[in-house]
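Remarks on the structure that follows.
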Amino acid sequence: MFASDLAQFVREGTTRGFLGEQMPVFSIITGQPEYLEPLRDEIPKNWLVTGYPWYSIKTPAHQAFLTEYQKKYGKENLRFGSIIGYSTIKAIAAGVAASGGKTDSESMVKAFEGLEFEMPDGKMSFRKIDHQATWGLYVGKLAVEDGKGVMVDYHYAPGDKLLPSDDEVRKLRPATD
């Protein structure tokens with residue numbers, strides 16, 4: 001669903017009465033700025049969502065990222081794509097460094113297996129067993145503050161705690177020789 005579709009859905013649902021505050025709603029990515037901004041003060045309160053509450057993440061690494069971003073691009077709000085793009089480039093740079101500067105496919109695959117690096121949300125790695133990234137996500141509730149939608153009562157769920165265990169991966173992906 002696009003942000004404009006979500007806005008229309010919320011407005012219609014509120015008008016027709018099926019999105020009252022008593023209706024529990026779980027919505028992936030709806031806490032991202034791209035989805036919150038079009039709704040402004042029409043945000044459905046208490047939805048449980050995943051998103052990117054950039055405006056209230058107070059870790060030193062994220063604050064440094066925010067400061068540098070706003071220095072370069074002005075006081076513009078961050079988007080989820082901002083941190084995705086930045087972290088993707090950091091991952092690629094870490095992979096190239098780990099490969100000794102080699103960029104052929106085989107060298108890069110080997111370099112990324114078990115690779116750890118820092119990003120604004122903390123340490124991330126690519127698991128050796130299945131090459132999955134351990135990037136986590138923010139989970140919280142929607143609210144309206146100062147006339148705009150925000151995520152509140154959120155926490156960061158580390159990706160390595162959300163992914164299947166190595167034993168489960170071995171069951172799901174049996175070795176093929």
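In the structure tokens, chains take the letters A, B, ... in the order shown, each chain's residues start at 1, and ligands count up from 1 in the order shown.
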Region 94-96 of chain A environment, 6 Å, only C-alpha atoms, sequence neighbours closer than 3 positions dropped, as a ChimeraX atom specification = /A:91,99,101,111-112
Selection export as a PDB file, in the first residue's frame, atoms kept: N, CA and C atoms:
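Final output, part01.pdb:
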ATOM      1  N   ALA A  91      27.485  -0.917   4.213  1.00  0.00           N
ATOM      2  CA  ALA A  91      27.653  -2.366   4.073  1.00  0.00           C
ATOM      3  C   ALA A  91      28.555  -2.693   2.887  1.00  0.00           C
ATOM      4  N   SER A  99      37.129  -7.695   1.650  1.00  0.00           N
ATOM      5  CA  SER A  99      37.601  -8.519   0.530  1.00  0.00           C
ATOM      6  C   SER A  99      38.994  -8.102   0.078  1.00  0.00           C
ATOM      7  N   GLY A 101      39.642  -5.231  -1.186  1.00  0.00           N
ATOM      8  CA  GLY A 101      39.464  -4.385  -2.365  1.00  0.00           C
ATOM      9  C   GLY A 101      39.000  -5.135  -3.605  1.00  0.00           C
ATOM     10  N   ALA A 111      33.562 -12.277   1.553  1.00  0.00           N
ATOM     11  CA  ALA A 111      33.789 -11.155   2.471  1.00  0.00           C
ATOM     12  C   ALA A 111      32.546 -10.860   3.320  1.00  0.00           C
ATOM     13  N   PHE A 112      31.374 -11.006   2.749  1.00  0.00           N
ATOM     14  CA  PHE A 112      30.137 -10.689   3.478  1.00  0.00           C
ATOM     15  C   PHE A 112      29.742 -11.771   4.484  1.00  0.00           C
TER      16      PHE A 112
END
For the interface of region 85-133 of chain A with region 148-164 of chain A (cut-off 9 Å, counting only C-alpha atoms), please tabulate each contacting residue of region 85-133 of chain A alongside its nearest pair of atoms and their separation in Å to one decimal, rows sorted by chain and increasing number, as JSON lines.
{"residue": "A:Asp121", "atom": "CA", "partner": "A:Tyr156", "partner_atom": "CA", "distance": 8.5}
{"residue": "A:Met124", "atom": "CA", "partner": "A:Gly159", "partner_atom": "CA", "distance": 8.3}
{"residue": "A:Ser125", "atom": "CA", "partner": "A:Asp160", "partner_atom": "CA", "distance": 8.6}
{"residue": "A:Arg127", "atom": "CA", "partner": "A:Asp160", "partner_atom": "CA", "distance": 8.8}
{"residue": "A:Gln132", "atom": "CA", "partner": "A:Leu163", "partner_atom": "CA", "distance": 8.4}
{"residue": "A:Ala133", "atom": "CA", "partner": "A:Gly159", "partner_atom": "CA", "distance": 7.5}
query = Hey, what does DSSP flag as alpha helix (DSSP H) within chain A? Can you give it to me as a ChimeraX atom specification?
reply = /A:3-16,33-39,60-73,80-98,105-112,159-162,166-172
ask   = Which of these, A:Trp54, A:Val109, A:Ser82, A:Lys141, has the shortest distance to Val25 (chain A) once you count only C-alpha atoms?
value =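 Under the stated criterion, the closest residue is A:Lys141.
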Region 71-77 of chain A environment, 12 Å, only C-alpha atoms, sequence neighbours closer than 4 positions dropped, as a PyMOL selection string = chain A and resi 32-34+36-37+52-55+64-67+81-83
Let's have the selection written as a PDB file, in the first residue's frame, with C-alpha atoms.
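Written file, out-v1.pdb:
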ATOM      1  CA  GLN A  32       7.704   5.354   8.555  1.00  0.00           C
ATOM      2  CA  PRO A  33       7.793   9.117   7.908  1.00  0.00           C
ATOM      3  CA  GLU A  34       6.624   8.565   4.333  1.00  0.00           C
ATOM      4  CA  LEU A  36       2.889   9.436   8.699  1.00  0.00           C
ATOM      5  CA  GLU A  37       3.441  12.787   7.007  1.00  0.00           C
ATOM      6  CA  TYR A  52      11.454   4.731  11.677  1.00  0.00           C
ATOM      7  CA  PRO A  53      11.066   7.245  14.532  1.00  0.00           C
ATOM      8  CA  TRP A  54      14.147   9.218  13.489  1.00  0.00           C
ATOM      9  CA  TYR A  55      13.047  12.288  15.481  1.00  0.00           C
ATOM     10  CA  ALA A  64      25.704  11.680  14.679  1.00  0.00           C
ATOM     11  CA  PHE A  65      23.983  10.415  11.511  1.00  0.00           C
ATOM     12  CA  LEU A  66      21.083  12.865  11.984  1.00  0.00           C
ATOM     13  CA  THR A  67      23.430  15.806  12.592  1.00  0.00           C
ATOM     14  CA  GLY A  81      15.103   5.553   2.477  1.00  0.00           C
ATOM     15  CA  SER A  82      17.684   7.912   3.995  1.00  0.00           C
ATOM     16  CA  ILE A  83      18.896   5.354   6.505  1.00  0.00           C
TER      17      ILE A  83
END
